[in-house]
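Engineer: The following file, protein26.cif, comprises mmCIF, C-alpha atoms:
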data_model
#
loop_
_atom_site.group_PDB
_atom_site.id
_atom_site.type_symbol
_atom_site.label_atom_id
_atom_site.label_comp_id
_atom_site.auth_asym_id
_atom_site.auth_seq_id
_atom_site.Cartn_x
_atom_site.Cartn_y
_atom_site.Cartn_z
ATOM 1 C CA MET A 9 -14.811 11.215 3.149
ATOM 2 C CA ARG A 10 -15.354 7.944 4.912
ATOM 3 C CA LEU A 11 -12.336 6.357 3.259
ATOM 4 C CA VAL A 12 -10.227 9.301 4.236
ATOM 5 C CA LEU A 13 -11.264 9.237 7.844
ATOM 6 C CA VAL A 14 -10.703 5.562 8.437
ATOM 7 C CA PRO A 15 -6.923 5.408 8.124
ATOM 8 C CA LEU A 16 -6.622 8.533 10.169
ATOM 9 C CA LEU A 17 -8.720 7.189 12.955
ATOM 10 C CA LEU A 18 -6.506 4.179 12.684
ATOM 11 C CA VAL A 19 -3.341 6.068 13.445
ATOM 12 C CA LEU A 20 -4.724 8.778 15.668
ATOM 13 C CA GLY A 21 -3.548 7.255 18.891
ATOM 14 C CA SER A 22 -0.204 5.703 18.123
ATOM 15 C CA THR A 23 2.606 5.918 20.625
ATOM 16 C CA PRO A 24 6.327 5.669 20.046
ATOM 17 C CA ALA A 25 7.508 2.139 19.444
ATOM 18 C CA LEU A 26 8.348 0.200 22.562
ATOM 19 C CA ALA A 27 12.086 0.269 22.994
ATOM 20 C CA ALA A 28 12.809 -3.356 22.200
ATOM 21 C CA PRO A 29 15.929 -4.876 23.748
ATOM 22 C CA GLN A 30 18.679 -5.005 21.164
ATOM 23 C CA THR A 31 18.941 -8.735 21.792
ATOM 24 C CA ASP A 32 15.493 -9.307 20.255
ATOM 25 C CA SER A 33 15.268 -10.538 16.704
ATOM 26 C CA PRO A 34 14.101 -7.869 14.225
ATOM 27 C CA ALA A 35 10.841 -9.766 13.706
ATOM 28 C CA ARG A 36 10.175 -9.705 17.455
ATOM 29 C CA GLU A 37 11.030 -6.016 17.539
ATOM 30 C CA ILE A 38 8.428 -5.396 14.842
ATOM 31 C CA GLU A 39 5.855 -7.496 16.679
ATOM 32 C CA ALA A 40 6.467 -5.257 19.691
ATOM 33 C CA PHE A 41 6.130 -2.215 17.424
ATOM 34 C CA ASN A 42 2.769 -3.596 16.246
ATOM 35 C CA ARG A 43 1.528 -4.198 19.781
ATOM 36 C CA ALA A 44 2.458 -0.644 20.694
ATOM 37 C CA PHE A 45 0.706 0.580 17.547
ATOM 38 C CA ASP A 46 -2.440 -1.352 18.495
ATOM 39 C CA GLU A 47 -2.479 -0.202 22.091
ATOM 40 C CA ALA A 48 -1.864 3.354 21.033
ATOM 41 C CA THR A 49 -4.565 3.375 18.392
ATOM 42 C CA ARG A 50 -7.091 2.550 21.086
ATOM 43 C CA ARG A 51 -6.172 5.877 22.653
ATOM 44 C CA THR A 52 -5.790 9.175 20.783
ATOM 45 C CA ASP A 53 -2.471 11.012 20.719
ATOM 46 C CA SER A 54 -1.403 12.581 17.462
ATOM 47 C CA ALA A 55 1.970 13.699 18.839
ATOM 48 C CA ALA A 56 2.753 10.104 19.721
ATOM 49 C CA THR A 57 1.554 9.005 16.290
ATOM 50 C CA LEU A 58 3.972 11.363 14.622
ATOM 51 C CA ALA A 59 6.788 10.044 16.805
ATOM 52 C CA GLN A 60 6.216 6.636 15.194
ATOM 53 C CA TRP A 61 6.952 8.081 11.754
ATOM 54 C CA GLU A 62 10.263 8.654 10.031
ATOM 55 C CA ASP A 63 10.963 12.331 9.368
ATOM 56 C CA ASP A 64 10.758 11.671 5.613
ATOM 57 C CA GLY A 65 7.922 9.144 5.833
ATOM 58 C CA VAL A 66 5.287 9.002 3.091
ATOM 59 C CA ASP A 67 1.604 8.302 3.808
ATOM 60 C CA LEU A 68 -0.494 7.113 0.865
ATOM 61 C CA LEU A 69 -4.202 7.456 1.637
ATOM 62 C CA PRO A 70 -7.120 6.911 -0.744
ATOM 63 C CA SER A 71 -8.097 9.969 -2.785
ATOM 64 C CA VAL A 72 -5.553 12.110 -0.914
ATOM 65 C CA ALA A 73 -2.363 13.370 -2.561
ATOM 66 C CA PRO A 74 0.730 11.632 -1.131
ATOM 67 C CA LEU A 75 1.704 13.100 2.252
ATOM 68 C CA ARG A 76 5.486 13.420 2.054
ATOM 69 C CA GLY A 77 7.343 14.106 5.270
ATOM 70 C CA LYS A 78 6.304 14.516 8.879
ATOM 71 C CA PRO A 79 5.161 18.176 8.536
ATOM 72 C CA ALA A 80 2.682 17.237 5.787
ATOM 73 C CA ILE A 81 1.429 14.260 7.798
ATOM 74 C CA ALA A 82 1.112 16.462 10.900
ATOM 75 C CA ARG A 83 -0.925 19.090 9.042
ATOM 76 C CA PHE A 84 -3.274 16.458 7.679
ATOM 77 C CA LEU A 85 -3.709 14.804 11.088
ATOM 78 C CA HIS A 86 -4.521 18.182 12.587
ATOM 79 C CA GLU A 87 -7.187 18.850 9.952
ATOM 80 C CA VAL A 88 -8.802 15.468 10.452
ATOM 81 C CA LEU A 89 -8.688 15.667 14.245
ATOM 82 C CA SER A 90 -10.578 18.927 14.077
ATOM 83 C CA GLN A 91 -13.265 17.194 11.979
ATOM 84 C CA LEU A 92 -13.482 14.263 14.385
ATOM 85 C CA ALA A 93 -13.954 16.164 17.628
ATOM 86 C CA GLY A 94 -15.939 13.964 20.001
ATOM 87 C CA ALA A 95 -15.267 10.692 18.166
ATOM 88 C CA LYS A 96 -14.383 7.729 20.392
ATOM 89 C CA MET A 97 -12.636 4.482 19.403
ATOM 90 C CA ARG A 98 -14.807 1.746 20.896
ATOM 91 C CA HIS A 99 -12.900 -1.215 19.421
ATOM 92 C CA PHE A 100 -9.691 -1.704 17.482
ATOM 93 C CA GLU A 101 -7.866 -4.826 16.419
ATOM 94 C CA ASP A 102 -5.031 -5.248 13.989
ATOM 95 C CA HIS A 103 -3.428 -8.420 12.614
ATOM 96 C CA CYS A 104 -0.204 -8.240 10.631
ATOM 97 C CA PHE A 105 1.356 -10.800 8.302
ATOM 98 C CA ASP A 106 4.528 -11.722 6.417
ATOM 99 C CA ILE A 107 7.090 -9.625 8.269
ATOM 100 C CA GLU A 108 10.186 -9.451 6.048
ATOM 101 C CA VAL A 109 13.371 -7.881 7.362
ATOM 102 C CA SER A 110 16.514 -6.992 5.408
ATOM 103 C CA GLY A 111 19.034 -4.965 7.363
ATOM 104 C CA ASP A 112 17.386 -1.812 8.671
ATOM 105 C CA TRP A 113 14.364 -2.096 6.351
ATOM 106 C CA ALA A 114 11.281 -4.245 6.797
ATOM 107 C CA SER A 115 7.760 -4.707 5.473
ATOM 108 C CA GLU A 116 4.515 -6.251 6.629
ATOM 109 C CA TRP A 117 0.837 -6.043 5.740
ATOM 110 C CA CYS A 118 -2.058 -5.867 8.153
ATOM 111 C CA ILE A 119 -5.827 -6.112 8.391
ATOM 112 C CA GLU A 120 -7.564 -3.825 10.862
ATOM 113 C CA HIS A 121 -11.067 -3.584 12.233
ATOM 114 C CA GLN A 122 -12.364 -0.598 14.099
ATOM 115 C CA ILE A 123 -15.623 0.544 15.629
ATOM 116 C CA VAL A 124 -15.843 4.258 16.276
ATOM 117 C CA ASP A 125 -18.627 6.162 17.979
ATOM 118 C CA LEU A 126 -19.246 9.448 16.174
ATOM 119 C CA PRO A 127 -21.228 12.174 17.914
ATOM 120 C CA GLY A 128 -24.604 12.658 16.225
ATOM 121 C CA LYS A 129 -23.863 10.076 13.509
ATOM 122 C CA PRO A 130 -24.222 6.325 13.116
ATOM 123 C CA THR A 131 -21.409 4.288 14.656
ATOM 124 C CA PHE A 132 -18.648 3.578 12.153
ATOM 125 C CA ASP A 133 -17.749 -0.122 11.798
ATOM 126 C CA GLY A 134 -15.087 -0.625 9.147
ATOM 127 C CA TRP A 135 -12.277 -2.857 7.981
ATOM 128 C CA GLY A 136 -9.070 -1.881 6.244
ATOM 129 C CA LYS A 137 -5.782 -3.217 4.940
ATOM 130 C CA MET A 138 -2.359 -1.619 5.346
ATOM 131 C CA LEU A 139 0.984 -2.161 3.671
ATOM 132 C CA LEU A 140 3.821 -0.850 5.806
ATOM 133 C CA VAL A 141 7.495 -0.292 5.045
ATOM 134 C CA LEU A 142 9.439 0.199 8.272
ATOM 135 C CA HIS A 143 12.922 1.586 8.847
ATOM 136 C CA ARG A 144 15.136 1.119 11.897
ATOM 137 C CA GLY A 145 16.913 4.283 12.951
ATOM 138 C CA PRO A 146 20.323 4.766 14.570
ATOM 139 C CA ASP A 147 18.528 4.545 17.959
ATOM 140 C CA HIS A 148 17.492 0.973 16.996
ATOM 141 C CA LYS A 149 13.775 1.919 16.890
ATOM 142 C CA TRP A 150 11.563 0.913 13.991
ATOM 143 C CA ARG A 151 9.453 3.666 12.474
ATOM 144 C CA ILE A 152 7.019 3.945 9.559
ATOM 145 C CA ALA A 153 8.726 4.950 6.325
ATOM 146 C CA ARG A 154 5.792 4.243 3.966
ATOM 147 C CA GLU A 155 2.179 3.486 4.735
ATOM 148 C CA MET A 156 -0.633 2.743 2.342
ATOM 149 C CA TRP A 157 -4.218 1.924 3.314
ATOM 150 C CA ASN A 158 -7.266 0.704 1.466
ATOM 151 C CA GLN A 159 -10.690 -0.663 2.324
ATOM 152 C CA GLU A 160 -11.170 -4.331 3.219
ATOM 153 C CA GLN A 161 -14.333 -6.400 3.067
ATOM 154 C CA PRO A 162 -15.454 -7.820 6.420
ATOM 155 C CA PRO A 163 -14.291 -11.445 6.679
ATOM 156 C CA PRO A 164 -16.946 -14.117 6.019
ATOM 157 C CA ARG A 165 -17.439 -14.904 9.684
ATOM 158 C CA THR A 166 -18.644 -11.369 10.357
ATOM 159 C CA ARG A 167 -20.892 -11.029 7.331
ATOM 160 C CA PRO A 168 -24.594 -10.974 8.087
ATOM 161 C CA MET B 25 -16.354 -2.018 -9.133
ATOM 162 C CA ARG B 26 -14.429 0.850 -10.680
ATOM 163 C CA LEU B 27 -11.835 0.778 -7.917
ATOM 164 C CA VAL B 28 -11.389 -2.927 -8.384
ATOM 165 C CA LEU B 29 -10.919 -2.715 -12.124
ATOM 166 C CA VAL B 30 -8.371 0.048 -12.127
ATOM 167 C CA PRO B 31 -5.444 -1.768 -10.528
ATOM 168 C CA LEU B 32 -6.139 -4.785 -12.637
ATOM 169 C CA LEU B 33 -6.120 -2.835 -15.830
ATOM 170 C CA LEU B 34 -2.927 -1.406 -14.515
ATOM 171 C CA VAL B 35 -1.163 -4.737 -14.323
ATOM 172 C CA LEU B 36 -2.899 -6.538 -17.141
ATOM 173 C CA GLY B 37 -0.066 -6.205 -19.567
ATOM 174 C CA SER B 38 3.090 -6.533 -17.519
ATOM 175 C CA THR B 39 6.064 -8.432 -18.894
ATOM 176 C CA PRO B 40 8.877 -10.147 -17.037
ATOM 177 C CA ALA B 41 11.443 -7.734 -15.688
ATOM 178 C CA LEU B 42 14.178 -6.825 -18.088
ATOM 179 C CA ALA B 43 17.221 -8.893 -17.250
ATOM 180 C CA ALA B 44 19.396 -6.130 -15.898
ATOM 181 C CA PRO B 45 23.159 -6.648 -16.116
ATOM 182 C CA GLN B 46 24.507 -7.675 -12.745
ATOM 183 C CA THR B 47 26.862 -4.717 -12.899
ATOM 184 C CA ASP B 48 23.936 -2.268 -12.617
ATOM 185 C CA SER B 49 23.182 -0.718 -9.257
ATOM 186 C CA PRO B 50 20.030 -2.106 -7.614
ATOM 187 C CA ALA B 51 18.288 1.246 -8.083
ATOM 188 C CA ARG B 52 19.039 1.154 -11.812
ATOM 189 C CA GLU B 53 17.811 -2.429 -11.966
ATOM 190 C CA ILE B 54 14.518 -1.327 -10.403
ATOM 191 C CA GLU B 55 14.235 1.608 -12.801
ATOM 192 C CA ALA B 56 14.585 -0.922 -15.621
ATOM 193 C CA PHE B 57 11.952 -3.085 -13.928
ATOM 194 C CA ASN B 58 9.649 -0.056 -13.854
ATOM 195 C CA ARG B 59 10.208 0.735 -17.522
ATOM 196 C CA ALA B 60 9.392 -2.852 -18.402
ATOM 197 C CA PHE B 61 6.297 -2.653 -16.195
ATOM 198 C CA ASP B 62 5.182 0.542 -17.969
ATOM 199 C CA GLU B 63 5.805 -0.779 -21.456
ATOM 200 C CA ALA B 64 4.067 -4.005 -20.627
ATOM 201 C CA THR B 65 1.027 -2.336 -19.104
ATOM 202 C CA ARG B 66 0.424 -0.604 -22.405
ATOM 203 C CA ARG B 67 -0.042 -4.064 -23.879
ATOM 204 C CA THR B 68 -2.117 -6.867 -22.329
ATOM 205 C CA ASP B 69 -0.513 -10.153 -21.292
ATOM 206 C CA SER B 70 -1.618 -11.692 -18.040
ATOM 207 C CA ALA B 71 0.892 -14.552 -18.265
ATOM 208 C CA ALA B 72 3.694 -12.025 -18.457
ATOM 209 C CA THR B 73 2.150 -10.102 -15.573
ATOM 210 C CA LEU B 74 2.237 -13.179 -13.402
ATOM 211 C CA ALA B 75 5.879 -13.747 -14.333
ATOM 212 C CA GLN B 76 6.643 -10.396 -12.691
ATOM 213 C CA TRP B 77 5.288 -11.661 -9.370
ATOM 214 C CA GLU B 78 6.973 -13.702 -6.676
ATOM 215 C CA ASP B 79 5.381 -17.125 -6.188
ATOM 216 C CA ASP B 80 4.268 -16.051 -2.703
ATOM 217 C CA GLY B 81 3.437 -12.452 -3.620
ATOM 218 C CA VAL B 82 0.508 -10.684 -1.961
ATOM 219 C CA ASP B 83 -1.749 -8.251 -3.841
ATOM 220 C CA LEU B 84 -3.791 -5.850 -1.701
ATOM 221 C CA LEU B 85 -6.600 -4.285 -3.742
ATOM 222 C CA PRO B 86 -9.419 -2.063 -2.468
ATOM 223 C CA SER B 87 -12.468 -3.942 -1.217
ATOM 224 C CA VAL B 88 -10.951 -7.270 -2.291
ATOM 225 C CA ALA B 89 -9.689 -9.831 0.221
ATOM 226 C CA PRO B 90 -5.878 -10.130 0.125
ATOM 227 C CA LEU B 91 -4.719 -12.215 -2.842
ATOM 228 C CA ARG B 92 -2.000 -14.437 -1.377
ATOM 229 C CA GLY B 93 0.223 -16.294 -3.813
ATOM 230 C CA LYS B 94 0.436 -16.475 -7.573
ATOM 231 C CA PRO B 95 -2.481 -18.944 -8.009
ATOM 232 C CA ALA B 96 -4.878 -16.581 -6.203
ATOM 233 C CA ILE B 97 -3.614 -13.609 -8.212
ATOM 234 C CA ALA B 98 -3.943 -15.625 -11.432
ATOM 235 C CA ARG B 99 -7.539 -16.607 -10.664
ATOM 236 C CA PHE B 100 -8.465 -13.013 -9.936
ATOM 237 C CA LEU B 101 -6.771 -11.725 -13.104
ATOM 238 C CA HIS B 102 -8.655 -14.316 -15.127
ATOM 239 C CA GLU B 103 -11.985 -13.226 -13.643
ATOM 240 C CA VAL B 104 -11.313 -9.570 -14.338
ATOM 241 C CA LEU B 105 -10.014 -10.179 -17.852
ATOM 242 C CA SER B 106 -13.257 -11.943 -18.672
ATOM 243 C CA GLN B 107 -15.180 -8.876 -17.471
ATOM 244 C CA LEU B 108 -12.981 -6.512 -19.501
ATOM 245 C CA ALA B 109 -13.219 -8.221 -22.879
ATOM 246 C CA GLY B 110 -12.791 -5.575 -25.566
ATOM 247 C CA ALA B 111 -11.199 -2.954 -23.302
ATOM 248 C CA LYS B 112 -8.201 -1.120 -24.779
ATOM 249 C CA MET B 113 -5.486 0.808 -22.941
ATOM 250 C CA ARG B 114 -5.252 4.113 -24.797
ATOM 251 C CA HIS B 115 -2.722 5.783 -22.480
ATOM 252 C CA PHE B 116 -0.636 4.729 -19.499
ATOM 253 C CA GLU B 117 2.050 6.526 -17.559
ATOM 254 C CA ASP B 118 3.640 5.663 -14.267
ATOM 255 C CA HIS B 119 6.062 7.658 -12.118
ATOM 256 C CA CYS B 120 7.817 6.020 -9.159
ATOM 257 C CA PHE B 121 9.567 7.617 -6.198
ATOM 258 C CA ASP B 122 11.845 6.922 -3.251
ATOM 259 C CA ILE B 123 13.409 3.618 -4.309
ATOM 260 C CA GLU B 124 14.957 2.106 -1.185
ATOM 261 C CA VAL B 125 17.086 -1.024 -1.458
ATOM 262 C CA SER B 126 18.405 -3.207 1.359
ATOM 263 C CA GLY B 127 19.985 -6.437 0.198
ATOM 264 C CA ASP B 128 17.518 -8.390 -1.906
ATOM 265 C CA TRP B 129 14.508 -6.340 -0.764
ATOM 266 C CA ALA B 130 13.359 -2.962 -2.026
ATOM 267 C CA SER B 131 10.393 -0.605 -1.946
ATOM 268 C CA GLU B 132 9.075 2.264 -4.002
ATOM 269 C CA TRP B 133 5.791 4.108 -4.483
ATOM 270 C CA CYS B 134 4.264 5.222 -7.736
ATOM 271 C CA ILE B 135 1.530 7.380 -9.230
ATOM 272 C CA GLU B 136 -0.146 6.106 -12.368
ATOM 273 C CA HIS B 137 -2.552 7.577 -14.889
ATOM 274 C CA GLN B 138 -4.474 5.532 -17.384
ATOM 275 C CA ILE B 139 -7.080 6.121 -20.058
ATOM 276 C CA VAL B 140 -8.956 3.006 -21.094
ATOM 277 C CA ASP B 141 -11.537 2.653 -23.846
ATOM 278 C CA LEU B 142 -14.340 0.363 -22.698
ATOM 279 C CA PRO B 143 -16.720 -1.094 -25.280
ATOM 280 C CA GLY B 144 -20.182 0.405 -24.918
ATOM 281 C CA LYS B 145 -19.207 2.498 -21.896
ATOM 282 C CA PRO B 146 -17.671 5.926 -21.268
ATOM 283 C CA THR B 147 -13.878 6.033 -21.524
ATOM 284 C CA PHE B 148 -12.214 5.466 -18.164
ATOM 285 C CA ASP B 149 -9.716 8.174 -17.151
ATOM 286 C CA GLY B 150 -8.284 7.478 -13.710
ATOM 287 C CA TRP B 151 -5.336 8.025 -11.415
ATOM 288 C CA GLY B 152 -3.934 5.691 -8.767
ATOM 289 C CA LYS B 153 -1.122 5.243 -6.288
ATOM 290 C CA MET B 154 0.856 2.060 -5.641
ATOM 291 C CA LEU B 155 3.167 0.957 -2.865
ATOM 292 C CA LEU B 156 5.443 -1.860 -4.011
ATOM 293 C CA VAL B 157 7.743 -4.167 -2.078
ATOM 294 C CA LEU B 158 10.127 -5.919 -4.466
ATOM 295 C CA HIS B 159 12.326 -8.969 -3.940
ATOM 296 C CA ARG B 160 15.351 -10.027 -5.979
ATOM 297 C CA GLY B 161 15.471 -13.745 -6.663
ATOM 298 C CA PRO B 162 18.439 -16.088 -7.041
ATOM 299 C CA ASP B 163 18.313 -15.303 -10.790
ATOM 300 C CA HIS B 164 19.025 -11.645 -9.906
ATOM 301 C CA LYS B 165 15.600 -10.521 -11.189
ATOM 302 C CA TRP B 166 13.382 -8.209 -9.149
ATOM 303 C CA ARG B 167 9.774 -9.295 -8.754
ATOM 304 C CA ILE B 168 6.728 -7.970 -6.899
ATOM 305 C CA ALA B 169 6.433 -9.384 -3.390
ATOM 306 C CA ARG B 170 3.690 -7.015 -2.143
ATOM 307 C CA GLU B 171 1.535 -4.566 -4.022
ATOM 308 C CA MET B 172 -1.124 -2.225 -2.694
ATOM 309 C CA TRP B 173 -3.152 0.230 -4.750
ATOM 310 C CA ASN B 174 -5.530 3.052 -3.954
ATOM 311 C CA GLN B 175 -7.181 5.907 -5.787
ATOM 312 C CA GLU B 176 -5.344 9.166 -6.434
ATOM 313 C CA GLN B 177 -6.812 12.581 -7.191
ATOM 314 C CA PRO B 178 -5.797 14.018 -10.550
ATOM 315 C CA PRO B 179 -2.927 16.492 -10.022
ATOM 316 C CA PRO B 180 -3.883 20.205 -10.042
ATOM 317 C CA ARG B 181 -2.628 20.762 -13.578
ATOM 318 C CA THR B 182 -5.180 18.309 -14.943
ATOM 319 C CA ARG B 183 -8.143 19.473 -12.897
ATOM 320 C CA PRO B 184 -10.828 21.301 -14.885
#
Once more with this new file: its structure as structure tokens, please.
Structural biologist:
Amino acid sequence: MRLVLVPLLLVLGSTPALAAPQTDSPAREIEAFNRAFDEATRRTDSAATLAQWEDDGVDLLPSVAPLRGKPAIARFLHEVLSQLAGAKMRHFEDHCFDIEVSGDWASEWCIEHQIVDLPGKPTFDGWGKMLLVLHRGPDHKWRIAREMWNQEQPPPRTRP
Amino acid sequence: MRLVLVPLLLVLGSTPALAAPQTDSPAREIEAFNRAFDEATRRTDSAATLAQWEDDGVDLLPSVAPLRGKPAIARFLHEVLSQLAGAKMRHFEDHCFDIEVSGDWASEWCIEHQIVDLPGKPTFDGWGKMLLVLHRGPDHKWRIAREMWNQEQPPPRTRP
């Protein structure tokens, strides 16, 4: 269950992408998207998270059947939120790499680290990787079209 | 270790992408790439696998630090191959979805099922998901720019 919870905690608090000025380069727009994603993840707002997804987005989580489309993602978020009542994100950081943009499609991969206080359980301290495919809509906002997550080893500097 | 071995078994036998005629649509070219990937995975040829990767490709495997660039991927493949001496792919199938193409970049996600005979160990029967970002080079061939893998539950029809 731990692997399932981690990516969900990760996206629990996302907010809609910052409306980047259309004069920004696509890479800068995506960097702004990432900053908004990071800030939002430190809060918890599943409605805002869903707003960051394409309507036909696909979420690929470990040991979970592919979640195809916003309704499926919303149902899954709701189930996990109900299991995580009382959890609190103490720390979240996210570093993304290799932004590639071609027209209205883009990709990047990220490493995230989160510390979550869980009521009545040991604090969760975990690392993960994400591969994201983003799509820019007619409103010029980037949203998540595909997301996959898997577990990451802590980097050497943080190993005991 | 099981999670680490699965994606490697998956890509052990890949061959270079079929040289699709330039008159094919990009989606058909990628379907041909997938068929070549499937056929190749049923064999074992790590040199051919590497030929299907971009020089600066990134492989994102569970609980393994990101493998950045073909030399890092090659070293990791070599290590795993040495651990899998005598293993034999008995069955492999791979179904991919939602091919999206924009210029020379594309993405798709796949579900794979493999049965591998391991010498002196129980037969491995596992399912996985992949998210792939592909790039078309100046030679018009698609190659893997980013790959992430995670575990997939067997579909309902195969559950006991």
Engineer: So which residues touch Gln138 of chain B within 7 Å, counting only C-alpha atoms, skipping near sequence neighbours fewer than 2 positions away, as a PyMOL selection string?
Structural biologist: chain B and resi 115-117+136+140+149-151
Engineer: Mind giving me the straight-line distance from atom CA of Asp122 of chain B to atom CA of Ala60 of chain B in Å, one decimal?
Structural biologist: 18.2 Å
Engineer: Check which residues satisfy the PyMOL selection byres ((chain A and resi 160) around 7) in the file shown, then give them as a list of chain:residue names.
Structural biologist: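 When the PyMOL selection byres ((chain A and resi 160) around 7) is applied, the selected residues are A:Trp135, A:Gly136, A:Lys137, A:Asn158, A:Gln159, A:Gln161, A:Pro162, B:Pro86, B:Ser87, B:Val88, B:Ala89.
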Engineer: Name every residue that the PyMOL selection byres ((chain B and resi 142) around 9) selects in this structure, writing the answer as a VMD selection string with chains first and numbers rising.
Structural biologist: chain B and resid 108 to 113 140 to 141 143 to 148
Engineer: Those residues with C-alpha atoms, as a compact mmCIF listing (two decimals), keeping the file's coordinate frame please?
Structural biologist:
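File written: part06.txt
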# COMPACT_ATOMS: atom_id res chain seq x y z
CA LEU B 108 -12.98 -6.51 -19.50
CA ALA B 109 -13.22 -8.22 -22.88
CA GLY B 110 -12.79 -5.58 -25.57
CA ALA B 111 -11.20 -2.95 -23.30
CA LYS B 112 -8.20 -1.12 -24.78
CA MET B 113 -5.49 0.81 -22.94
CA VAL B 140 -8.96 3.01 -21.09
CA ASP B 141 -11.54 2.65 -23.85
CA PRO B 143 -16.72 -1.09 -25.28
CA GLY B 144 -20.18 0.40 -24.92
CA LYS B 145 -19.21 2.50 -21.90
CA PRO B 146 -17.67 5.93 -21.27
CA THR B 147 -13.88 6.03 -21.52
CA PHE B 148 -12.21 5.47 -18.16
Engineer: Set the distance at 9 Å and use all atoms listed in the file: which residues neighbour segment 138-146 of chain A once local chain neighbours fewer than 4 positions away are removed? I'd like the list as a count of residues only.
Structural biologist: 33
Engineer: So what do you get for atom CA of Asp53 of chain A versus atom CA of Leu85 of chain B, distance-wise?
Structural biologist: 29.1 Å
Engineer: May I ask which of the residues A:Phe105, A:Ala55, A:Ile123, A:Phe84 is the closest one to chain B, counting all atoms listed in the file?
Structural biologist: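 Closest residue, counting all atoms listed in the file: A:Phe105.
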Engineer: Kindly list the centre and edge lengths in Å, rounded to one decimal, for the axis-aligned box that covers all listed atoms of segment 101-114 of chain A plus 4 Å on each of its six sides, as AutoDock Vina command-line options.
Structural biologist:
--center_x 5.6 --center_y -6.8 --center_z 10.9 --size_x 34.9 --size_y 17.9 --size_z 19.0
Engineer: Return as an MDAnalysis selection string the set of residues that the PyMOL selection byres ((chain B and resi 79) around 6) yields on the displayed structure.
Structural biologist: chainID B and resid 78 80:81 93:94
Engineer: Please, what distance in Å, to one decimal, runs between atom CA of Glu47 of chain A and atom CA of His121 of chain A?
Structural biologist: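 If I compute the distance from atom CA of Glu47 of chain A to atom CA of His121 of chain A, I get 13.5 Å.
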Engineer: Between A:Ala40, A:Ala80, A:Leu58, A:Val66, which one has atoms that come closest to chain B, using all atoms listed in the file?
Structural biologist: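 Residue with the minimum atom-to-atom distance to chain B: A:Val66.
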Engineer: Between B:Ala51, B:Leu91, B:Ile97, B:Ala72, which residue has the minimum interatomic distance to chain A, considering all atoms listed in the file?
Structural biologist: B:Leu91
Engineer: Take segment 101-111 of chain A, model N, CA, C and O atoms, and hand the result over as an mmCIF file, in the coordinates of the input.
Structural biologist:
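Dumped to part-v7.cif:
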data_model
loop_
_atom_site.group_PDB
_atom_site.id
_atom_site.type_symbol
_atom_site.label_atom_id
_atom_site.label_comp_id
_atom_site.auth_asym_id
_atom_site.auth_seq_id
_atom_site.Cartn_x
_atom_site.Cartn_y
_atom_site.Cartn_z
ATOM 1 N N GLU A 101 -8.778 -3.690 16.471
ATOM 2 C CA GLU A 101 -7.866 -4.826 16.419
ATOM 3 C C GLU A 101 -7.131 -4.799 15.093
ATOM 4 O O GLU A 101 -7.632 -4.293 14.093
ATOM 5 N N ASP A 102 -5.948 -5.375 15.105
ATOM 6 C CA ASP A 102 -5.031 -5.248 13.989
ATOM 7 C C ASP A 102 -4.213 -6.536 13.931
ATOM 8 O O ASP A 102 -3.629 -6.943 14.934
ATOM 9 N N HIS A 103 -4.219 -7.203 12.782
ATOM 10 C CA HIS A 103 -3.428 -8.420 12.614
ATOM 11 C C HIS A 103 -2.491 -8.238 11.432
ATOM 12 O O HIS A 103 -2.944 -7.897 10.333
ATOM 13 N N CYS A 104 -1.211 -8.478 11.667
ATOM 14 C CA CYS A 104 -0.204 -8.240 10.631
ATOM 15 C C CYS A 104 0.424 -9.556 10.182
ATOM 16 O O CYS A 104 0.501 -10.520 10.950
ATOM 17 N N PHE A 105 0.901 -9.573 8.942
ATOM 18 C CA PHE A 105 1.356 -10.800 8.302
ATOM 19 C C PHE A 105 2.663 -10.559 7.540
ATOM 20 O O PHE A 105 2.959 -9.447 7.130
ATOM 21 N N ASP A 106 3.407 -11.688 7.365
ATOM 22 C CA ASP A 106 4.528 -11.722 6.417
ATOM 23 C C ASP A 106 5.577 -10.649 6.702
ATOM 24 O O ASP A 106 6.002 -9.924 5.786
ATOM 25 N N ILE A 107 5.993 -10.545 7.960
ATOM 26 C CA ILE A 107 7.090 -9.625 8.269
ATOM 27 C C ILE A 107 8.346 -10.077 7.532
ATOM 28 O O ILE A 107 8.758 -11.229 7.644
ATOM 29 N N GLU A 108 8.931 -9.179 6.758
ATOM 30 C CA GLU A 108 10.186 -9.451 6.048
ATOM 31 C C GLU A 108 11.190 -8.387 6.455
ATOM 32 O O GLU A 108 10.896 -7.200 6.371
ATOM 33 N N VAL A 109 12.349 -8.820 6.895
ATOM 34 C CA VAL A 109 13.371 -7.881 7.362
ATOM 35 C C VAL A 109 14.637 -8.073 6.538
ATOM 36 O O VAL A 109 15.066 -9.203 6.292
ATOM 37 N N SER A 110 15.217 -6.965 6.088
ATOM 38 C CA SER A 110 16.514 -6.992 5.408
ATOM 39 C C SER A 110 17.312 -5.802 5.905
ATOM 40 O O SER A 110 17.033 -4.661 5.523
ATOM 41 N N GLY A 111 18.257 -6.053 6.783
ATOM 42 C CA GLY A 111 19.034 -4.965 7.363
ATOM 43 C C GLY A 111 18.134 -4.060 8.196
ATOM 44 O O GLY A 111 17.396 -4.546 9.065
#
